[in-house]
Every structure is written in structure tokens, then in C-alpha cells.
file model-v1.txt (compact mmCIF, C-alpha atoms and all ligand atoms)
# COMPACT_ATOMS: atom_id res chain seq x y z
CA MET A 1 7.84 -2.43 20.39
CA GLN A 2 5.07 -4.48 18.81
CA PRO A 3 5.32 -5.00 15.06
CA ALA A 4 2.88 -3.17 12.80
CA PHE A 5 1.71 -6.51 11.44
CA ARG A 6 2.09 -10.15 12.28
CA THR A 7 0.64 -13.07 10.37
CA GLU A 8 0.45 -16.73 11.25
CA ALA A 9 -0.11 -19.39 8.56
CA LEU A 10 -2.20 -16.97 6.51
CA SER A 11 -3.85 -18.83 3.62
CA LYS A 12 -6.38 -17.90 0.95
CA THR A 13 -7.98 -20.33 -1.46
CA TYR A 14 -10.38 -19.31 -4.22
CA GLY A 15 -12.81 -21.95 -5.49
CA GLU A 16 -12.92 -25.62 -4.58
CA GLY A 17 -11.72 -29.07 -5.66
CA PRO A 18 -9.53 -29.36 -8.73
CA ALA A 19 -10.35 -25.76 -9.75
CA ALA A 20 -9.12 -24.34 -6.42
CA VAL A 21 -6.54 -21.55 -6.63
CA HIS A 22 -4.21 -21.33 -3.63
CA ALA A 23 -3.48 -17.61 -3.69
CA LEU A 24 -1.70 -17.65 -0.29
CA ARG A 25 -0.17 -20.66 1.43
CA GLU A 26 0.57 -20.40 5.14
CA VAL A 27 2.36 -17.07 5.14
CA THR A 28 3.92 -16.32 8.55
CA LEU A 29 5.80 -13.05 8.97
CA GLU A 30 6.27 -9.85 10.94
CA ILE A 31 6.44 -6.30 9.63
CA PRO A 32 8.02 -3.83 12.08
CA ARG A 33 6.57 -0.35 12.47
CA GLY A 34 8.02 2.54 10.56
CA GLU A 35 9.57 0.54 7.71
CA VAL A 36 9.31 0.83 3.94
CA VAL A 37 8.49 -2.72 2.82
CA VAL A 38 8.50 -3.79 -0.83
CA LEU A 39 6.62 -6.94 -1.89
CA LEU A 40 7.98 -8.53 -5.05
CA GLY A 41 7.00 -11.64 -6.97
CA PRO A 42 5.68 -12.85 -10.30
CA SER A 43 2.13 -12.13 -11.41
CA GLY A 44 -0.27 -14.32 -9.44
CA SER A 45 2.14 -14.99 -6.57
CA GLY A 46 -0.28 -13.63 -3.96
CA LYS A 47 1.10 -10.14 -3.26
CA SER A 48 -2.19 -8.27 -3.69
CA THR A 49 -4.11 -10.96 -1.82
CA PHE A 50 -1.73 -10.56 1.12
CA LEU A 51 -1.99 -6.77 1.02
CA ASN A 52 -5.78 -6.90 0.82
CA ILE A 53 -6.03 -9.15 3.86
CA ILE A 54 -3.77 -7.10 6.13
CA GLY A 55 -5.40 -3.95 4.71
CA GLY A 56 -8.78 -5.22 5.93
CA LEU A 57 -10.27 -5.44 2.42
CA ASP A 58 -10.42 -9.24 2.30
CA ARG A 59 -10.52 -12.21 4.67
CA PRO A 60 -8.23 -15.26 4.66
CA SER A 61 -9.49 -18.84 4.32
CA SER A 62 -7.41 -19.76 7.36
CA GLY A 63 -4.63 -18.37 9.53
CA LYS A 64 -4.45 -15.13 11.48
CA ALA A 65 -3.29 -11.55 11.01
CA TRP A 66 -2.70 -8.89 13.66
CA PHE A 67 -2.36 -5.13 13.42
CA GLY A 68 -0.47 -4.34 16.63
CA ASP A 69 -2.43 -6.26 19.23
CA GLN A 70 -5.67 -6.28 17.25
CA CYS A 71 -6.52 -9.55 15.52
CA LEU A 72 -7.85 -8.48 12.10
CA THR A 73 -9.03 -11.95 11.19
CA GLU A 74 -11.36 -12.12 14.20
CA MET A 75 -12.84 -8.63 13.76
CA SER A 76 -16.47 -8.00 12.88
CA GLU A 77 -17.15 -6.29 9.54
CA ARG A 78 -17.89 -3.12 11.43
CA ALA A 79 -14.59 -3.20 13.34
CA LEU A 80 -12.71 -3.94 10.12
CA THR A 81 -14.33 -0.92 8.46
CA GLN A 82 -13.30 1.19 11.45
CA TYR A 83 -9.75 -0.19 11.17
CA ARG A 84 -9.56 0.81 7.49
CA ARG A 85 -11.00 4.24 8.19
CA SER A 86 -8.75 5.10 11.11
CA HIS A 87 -5.45 3.41 10.44
CA VAL A 88 -5.02 2.61 6.76
CA GLY A 89 -4.39 4.61 3.60
CA PHE A 90 -4.57 3.02 0.13
CA VAL A 91 -2.85 4.04 -3.11
CA PHE A 92 -3.63 2.08 -6.27
CA GLN A 93 -2.17 1.96 -9.79
CA PHE A 94 -4.99 4.13 -11.14
CA TYR A 95 -5.50 7.17 -9.02
CA ASN A 96 -9.28 7.05 -8.60
CA LEU A 97 -9.62 10.83 -8.29
CA MET A 98 -12.96 12.57 -8.76
CA PRO A 99 -12.59 14.37 -12.13
CA SER A 100 -14.98 17.18 -11.22
CA LEU A 101 -13.09 18.12 -8.04
CA THR A 102 -9.82 20.01 -7.66
CA ALA A 103 -6.74 18.49 -6.01
CA ARG A 104 -7.65 20.19 -2.72
CA GLU A 105 -11.29 19.05 -2.92
CA ASN A 106 -10.25 15.47 -3.68
CA VAL A 107 -8.18 15.45 -0.48
CA GLU A 108 -10.97 17.15 1.48
CA LEU A 109 -13.26 14.22 0.68
CA VAL A 110 -11.17 12.32 3.22
CA THR A 111 -10.30 15.08 5.70
CA GLU A 112 -13.99 15.92 6.15
CA ILE A 113 -14.74 12.45 7.54
CA SER A 114 -11.55 11.87 9.56
CA ASN A 115 -10.94 12.38 13.27
CA ASP A 116 -7.68 14.29 13.36
CA PRO A 117 -6.83 15.03 9.73
CA MET A 118 -4.14 17.33 8.43
CA ASP A 119 -5.22 20.31 6.44
CA ALA A 120 -5.70 19.32 2.76
CA GLY A 121 -3.21 22.01 1.73
CA GLU A 122 -0.63 20.62 4.15
CA ALA A 123 -1.06 17.07 2.74
CA LEU A 124 -0.62 18.42 -0.80
CA ARG A 125 2.46 20.36 0.28
CA LEU A 126 3.99 17.17 1.68
CA VAL A 127 3.75 15.57 -1.78
CA GLY A 128 5.16 18.68 -3.47
CA LEU A 129 1.89 19.92 -5.00
CA GLU A 130 1.47 23.23 -3.18
CA GLY A 131 1.32 24.88 -6.61
CA ARG A 132 -1.53 22.67 -7.87
CA LEU A 133 -4.19 23.02 -5.17
CA ASP A 134 -6.89 24.30 -7.50
CA HIS A 135 -6.08 22.16 -10.54
CA PHE A 136 -8.47 19.47 -11.74
CA PRO A 137 -7.16 15.93 -12.43
CA ALA A 138 -7.35 16.48 -16.21
CA GLN A 139 -4.99 19.44 -15.81
CA MET A 140 -2.33 17.32 -14.09
CA SER A 141 0.18 14.70 -15.27
CA GLY A 142 -0.15 11.06 -14.23
CA GLY A 143 2.57 11.49 -11.60
CA GLU A 144 0.89 14.58 -10.19
CA GLN A 145 -2.45 12.77 -10.03
CA GLN A 146 -0.79 9.90 -8.19
CA ARG A 147 0.70 12.40 -5.73
CA VAL A 148 -2.81 13.80 -5.13
CA ALA A 149 -3.91 10.20 -4.43
CA ILE A 150 -1.02 9.86 -1.95
CA ALA A 151 -1.95 13.19 -0.31
CA ARG A 152 -5.53 11.95 0.00
CA ALA A 153 -4.32 8.69 1.57
CA ILE A 154 -2.01 10.33 4.13
CA ALA A 155 -4.26 13.27 5.07
CA LYS A 156 -6.00 11.23 7.76
CA ARG A 157 -2.58 10.41 9.28
CA PRO A 158 -2.81 6.64 8.84
CA ALA A 159 -0.37 4.35 10.63
CA VAL A 160 0.05 2.37 7.43
CA LEU A 161 0.06 3.21 3.74
CA PHE A 162 -0.67 0.35 1.32
CA CYS A 163 0.44 0.94 -2.25
CA ASP A 164 -0.52 -1.57 -4.96
CA GLU A 165 1.54 -0.91 -8.11
CA PRO A 166 1.76 2.84 -7.38
CA THR A 167 4.13 3.43 -10.31
CA GLY A 168 2.54 0.88 -12.69
CA ALA A 169 1.03 3.52 -14.97
CA LEU A 170 3.98 5.93 -14.87
CA ASP A 171 7.18 6.44 -16.84
CA SER A 172 10.44 5.96 -14.95
CA THR A 173 11.15 9.63 -14.16
CA THR A 174 7.64 10.25 -12.87
CA GLY A 175 7.67 6.90 -11.05
CA ARG A 176 10.86 7.86 -9.21
CA ARG A 177 9.24 11.11 -8.09
CA VAL A 178 6.28 9.17 -6.69
CA LEU A 179 8.63 6.76 -4.86
CA GLN A 180 10.47 9.79 -3.47
CA VAL A 181 7.17 11.06 -2.07
CA LEU A 182 6.44 7.68 -0.46
CA ASN A 183 9.91 7.77 1.09
CA ASP A 184 9.27 11.31 2.42
CA VAL A 185 5.97 10.19 3.95
CA ASN A 186 7.78 7.34 5.73
CA ARG A 187 10.57 9.60 6.97
CA GLU A 188 8.55 12.66 7.93
CA LEU A 189 5.40 11.06 9.33
CA GLY A 190 6.80 7.69 10.48
CA THR A 191 4.15 5.90 8.40
CA THR A 192 4.77 2.22 7.70
CA VAL A 193 4.71 1.97 3.88
CA LEU A 194 4.00 -1.28 2.02
CA ILE A 195 4.56 -1.25 -1.73
CA VAL A 196 3.51 -4.09 -4.07
CA THR A 197 5.30 -3.76 -7.38
CA HIS A 198 6.57 -5.51 -10.50
CA ALA A 199 9.42 -3.01 -10.71
CA ALA A 200 12.14 -5.06 -8.98
CA ALA A 201 14.49 -2.06 -8.81
CA THR A 202 12.13 -0.50 -6.25
CA ALA A 203 13.50 -3.02 -3.73
CA ALA A 204 16.62 -0.86 -3.37
CA MET A 205 14.71 1.84 -1.44
CA ALA A 206 13.17 -0.60 1.07
CA HIS A 207 14.17 -1.45 4.60
CA ARG A 208 12.72 -4.91 3.97
CA VAL A 209 11.94 -6.86 0.79
CA LEU A 210 9.45 -9.73 0.81
CA HIS A 211 9.68 -12.13 -2.13
CA PHE A 212 6.50 -14.05 -2.88
CA THR A 213 6.33 -17.09 -5.17
CA ASP A 214 3.32 -19.30 -5.72
CA GLY A 215 1.45 -17.95 -2.69
CA GLN A 216 4.41 -18.40 -0.34
CA LEU A 217 6.89 -16.05 1.25
CA ARG A 218 10.12 -17.39 -0.24
CA GLU A 219 12.64 -14.88 1.03
CA THR A 220 12.94 -11.81 3.25
CA ILE A 221 15.83 -9.46 2.57
CA LEU A 222 16.87 -6.67 4.93
CA ASN A 223 18.75 -3.93 3.10
CA GLU A 224 21.81 -2.73 4.99
CA THR A 225 21.88 0.43 2.92
CA ARG A 226 18.91 1.92 1.14
CA ALA A 227 18.99 3.68 -2.22
CA ASP A 228 17.58 7.15 -2.66
CA PRO A 229 14.52 6.68 -4.91
CA ALA A 230 15.92 9.40 -7.20
CA GLU A 231 18.84 7.08 -8.02
CA ILE A 232 16.86 3.91 -8.70
CA GLU A 233 17.55 2.51 -12.19
CA TRP A 234 14.47 1.01 -13.89
N1 LIG A 301 -11.33 -13.00 -6.59
C1 LIG A 301 -10.59 -14.00 -7.07
N2 LIG A 301 -11.14 -15.14 -7.51
C2 LIG A 301 -10.40 -16.17 -7.95
N3 LIG A 301 -9.04 -16.16 -8.00
C3 LIG A 301 -8.43 -15.05 -7.58
C4 LIG A 301 -9.16 -13.91 -7.10
N4 LIG A 301 -8.25 -12.96 -6.76
C5 LIG A 301 -7.03 -13.46 -7.01
N5 LIG A 301 -7.14 -14.71 -7.51
C6 LIG A 301 -6.02 -15.59 -7.87
O1 LIG A 301 -5.14 -15.69 -6.77
C7 LIG A 301 -3.78 -15.73 -7.21
C8 LIG A 301 -3.00 -14.61 -6.53
O2 LIG A 301 -3.46 -13.36 -7.03
P1 LIG A 301 -2.85 -11.96 -6.58
O3 LIG A 301 -3.64 -10.90 -7.26
O4 LIG A 301 -2.75 -11.92 -5.10
O5 LIG A 301 -1.38 -12.05 -7.17
P2 LIG A 301 -0.32 -10.88 -7.39
O6 LIG A 301 1.00 -11.47 -6.99
O7 LIG A 301 -0.76 -9.65 -6.72
O8 LIG A 301 -0.39 -10.72 -8.96
P3 LIG A 301 -0.18 -9.40 -9.88
O9 LIG A 301 1.28 -9.05 -9.71
O10 LIG A 301 -0.49 -9.87 -11.26
O11 LIG A 301 -1.11 -8.35 -9.37
C9 LIG A 301 -3.82 -15.62 -8.73
O12 LIG A 301 -3.72 -16.92 -9.27
C10 LIG A 301 -5.18 -15.03 -9.00
O13 LIG A 301 -5.67 -15.45 -10.26
call {"tool": "encode", "arguments": {"input": "model-v1.txt", "output": "C-alpha cells"}}
result
Amino acid sequence: MQPAFRTEALSKTYGEGPAAVHALREVTLEIPRGEVVVLLGPSGSGKSTFLNIIGGLDRPSSGKAWFGDQCLTEMSERALTQYRRSHVGFVFQFYNLMPSLTARENVELVTEISNDPMDAGEALRLVGLEGRLDHFPAQMSGGEQQRVAIARAIAKRPAVLFCDEPTGALDSTTGRRVLQVLNDVNRELGTTVLIVTHAAATAAMAHRVLHFTDGQLRETILNETRADPAEIEW
């Protein structure tokens, strides 16, 4: 089976000359389908830059990236937009919900423009929020709001879910619940889940851990056994 992603000497440089910042330096790797992958590394090591490029939000300075057999780095802007719309869900540290819409309406913003979406209620049930369908963001905790954001991201049945610091704004108990939901999404829907985080303990739930340092992939660890997110110590 083809991997979900493959990159070849992926590099990204911001600026020029002595002020140039080498955010990514020749990163070559493969990410198999259906895995939970955790990207770890110090601040500024290139994790978000990598995620943004394979998520179709940014372009590299050089090198190539493939989603299945589609070369992302050679796609037109239009094709890249189509890729993001059809195949990719994003979850960020801050939930970016519309405050004037209920949980269900926030998810419907996506299901209304998708090809084969799940019902908004079904997506919210998957993240354990069947009792909060008609609540507004201000009536929900941070963890619940993040779970609405996850429901919104998975409602279009993406092949891949990109999560950039999904627990960054949450306390440890709430963060564990959010990781549990990401694990459920992977297990129940087969979605490939990529998580960028500073919380090193999160690595225990991954199939694969990618360690970035100074724009380079320094180490890949395959976990023989995976921890239940509920048991992760922060
Ligand atoms: N738009 C930009 N313009 C200039 N430099 C940038 C830009 N975006 C990122 N960088 C730089 O590229 C490097 C990698 O940044 P990136 O955000 O990918 O790191 P990160 O590992 O995700 O960090 P963090 O954990 O703090 O989010 C950093 O030195 C950063 O300052």
C-alpha cells in the first residue's frame, strides 16, 4: 500500500543571505496510512513548517512532497485548495469556532460544502458531545470546544487530520480527553492523524514519533506498544 505521505529533501528557507532562516533542511521520510504520528522537537525546529507543507497550506523552497501518488509540490494553487478541501482536516491550538453558532452549526459550516459528509450530529457524537449539540462555544469548556473543532475537522471524512498543538491551551485532564478523541478518530475512521506538540508524553500514544531538531528529522521511533491516552502522564 502506498504511504499517506512521502517527502524527498524537503527544505524551506525564509529570507535571504545572512538573515536566512532554514526552517526545514532536506527532510526525507514516509508516513504510512492509518497511523497516529507525533512530531516532537524544540520550538523553531520546523514541525509546523513541515505540517503546513504536507497540509497544502505552504510551499517548500525545494524538495518534493507526495500525498499518495499526487505530488503536492507540483500542484497548481487550485489543485492544492481542492486537496485541502477534500482530504485534509485541521485542528489548531485555539479552536477557531464561530461564537454566534451552536456546536452543531459550527460543524454544519463544513458539512454544507463537503461532498460526502457525515451528519453534524454524528460527528459530534464521535467526539462525545451528543449532549452539547445546541450549546454555544461560550457555554462549553476549552476541551469541549476543542472537541467541536475536531468534529468539524472530521465531518468531511478527511483521509488525514493535522493537529498543531491541539492540547496546548488545555489542562492535563482535558488534554487527555482530547487525545482520546483523536485516538478514537484514528481507530474508528482509519484517519491518519498527525499531531505536532510540545507535550513529549504524547509520544506514548503514537505508532510513530518523528523528532525534529534544527529543521532536520533527527530520529524516527516506532512504538512497539502504544499507551492509552487516558494513562499518559504529563
Ligand atoms: N513566515 C515566516 N517567516 C520567517 N521565519 C519563519 C516563518 N515561519 C516560521 N519561521 C521560522 O522557521 C523556523 C521553524 O518554525 P516552525 O514554526 O516550523 O517551528 P516549530 O518547531 O513548529 O516551532 P514551535 O514549536 O514554536 O511552534 C523558526 O525559526 C521560525 O522562526
call {"tool": "residues_around", "arguments": {"input": "model-v1.txt", "residues": "A:Gly55", "least_positions_apart": "2", "cutoff": "10 Å", "atoms": "all atoms listed in the file", "output": "compact mmCIF listing (two decimals) with C-alpha atoms, in the frame of the given file"}}
result
# COMPACT_ATOMS: atom_id res chain seq x y z
CA SER A 48 -2.19 -8.27 -3.69
CA THR A 49 -4.11 -10.96 -1.82
CA PHE A 50 -1.73 -10.56 1.12
CA LEU A 51 -1.99 -6.77 1.02
CA ASN A 52 -5.78 -6.90 0.82
CA ILE A 53 -6.03 -9.15 3.86
CA LEU A 57 -10.27 -5.44 2.42
CA ASP A 58 -10.42 -9.24 2.30
CA ARG A 59 -10.52 -12.21 4.67
CA PHE A 67 -2.36 -5.13 13.42
CA LEU A 72 -7.85 -8.48 12.10
CA LEU A 80 -12.71 -3.94 10.12
CA TYR A 83 -9.75 -0.19 11.17
CA ARG A 84 -9.56 0.81 7.49
CA HIS A 87 -5.45 3.41 10.44
CA VAL A 88 -5.02 2.61 6.76
CA GLY A 89 -4.39 4.61 3.60
CA PHE A 90 -4.57 3.02 0.13
CA VAL A 160 0.05 2.37 7.43
CA LEU A 161 0.06 3.21 3.74
CA PHE A 162 -0.67 0.35 1.32
call {"tool": "closest_residue", "arguments": {"input": "model-v1.txt", "among": "A:Arg157, A:Arg78, A:Arg152, A:His211", "to": "ligand LIG 301 (chain A)", "atoms": "all atoms listed in the file"}}
result
A:His211
call {"tool": "residues_near_point", "arguments": {"input": "model-v1.txt", "point": "(-4.8, 11.1, 1.3)", "cutoff": "12 Å", "atoms": "all atoms listed in the file", "output": "ChimeraX atom specification"}}
result
/A:85,87-92,95-97,103-114,117-127,145-158,160-163,182,185
call {"tool": "residues_near_point", "arguments": {"input": "model-v1.txt", "point": "(3.7, -1.3, -3.2)", "cutoff": "8 Å", "atoms": "only C-alpha atoms", "output": "PDB file with C-alpha atoms, in the frame of the given file"}}
result
ATOM      1  CA  VAL A  37       8.490  -2.720   2.820  1.00  0.00           C
ATOM      2  CA  VAL A  38       8.500  -3.790  -0.830  1.00  0.00           C
ATOM      3  CA  LEU A  39       6.620  -6.940  -1.890  1.00  0.00           C
ATOM      4  CA  PHE A 162      -0.670   0.350   1.320  1.00  0.00           C
ATOM      5  CA  CYS A 163       0.440   0.940  -2.250  1.00  0.00           C
ATOM      6  CA  ASP A 164      -0.520  -1.570  -4.960  1.00  0.00           C
ATOM      7  CA  GLU A 165       1.540  -0.910  -8.110  1.00  0.00           C
ATOM      8  CA  PRO A 166       1.760   2.840  -7.380  1.00  0.00           C
ATOM      9  CA  VAL A 193       4.710   1.970   3.880  1.00  0.00           C
ATOM     10  CA  LEU A 194       4.000  -1.280   2.020  1.00  0.00           C
ATOM     11  CA  ILE A 195       4.560  -1.250  -1.730  1.00  0.00           C
ATOM     12  CA  VAL A 196       3.510  -4.090  -4.070  1.00  0.00           C
ATOM     13  CA  THR A 197       5.300  -3.760  -7.380  1.00  0.00           C
TER      14      THR A 197
END
call {"tool": "closest_atom_pairs", "arguments": {"input": "model-v1.txt", "of": "chain A", "to": "ligand LIG 301 (chain A)", "cutoff": "7 Å", "atoms": "all atoms listed in the file", "output": "tab-separated table"}}
result
residue	atom	partner	partner_atom	distance
A:Tyr14	CA	A:LIG301	C2	4.9
A:Gly15	CA	A:LIG301	C2	6.7
A:Val21	CA	A:LIG301	O1	6.0
A:His22	CA	A:LIG301	O1	6.5
A:Ala23	CA	A:LIG301	O1	4.0
A:Gly41	CA	A:LIG301	O6	6.0
A:Pro42	CA	A:LIG301	O9	5.8
A:Ser43	CA	A:LIG301	O10	3.5
A:Gly44	CA	A:LIG301	O5	3.4
A:Ser45	CA	A:LIG301	O6	3.7
A:Gly46	CA	A:LIG301	O4	3.2
A:Lys47	CA	A:LIG301	O7	4.0
A:Ser48	CA	A:LIG301	O7	3.6
A:Thr49	CA	A:LIG301	O4	3.7
A:Phe50	CA	A:LIG301	O4	6.4
A:His198	CA	A:LIG301	O9	6.4
A:Gly215	CA	A:LIG301	C8	6.8
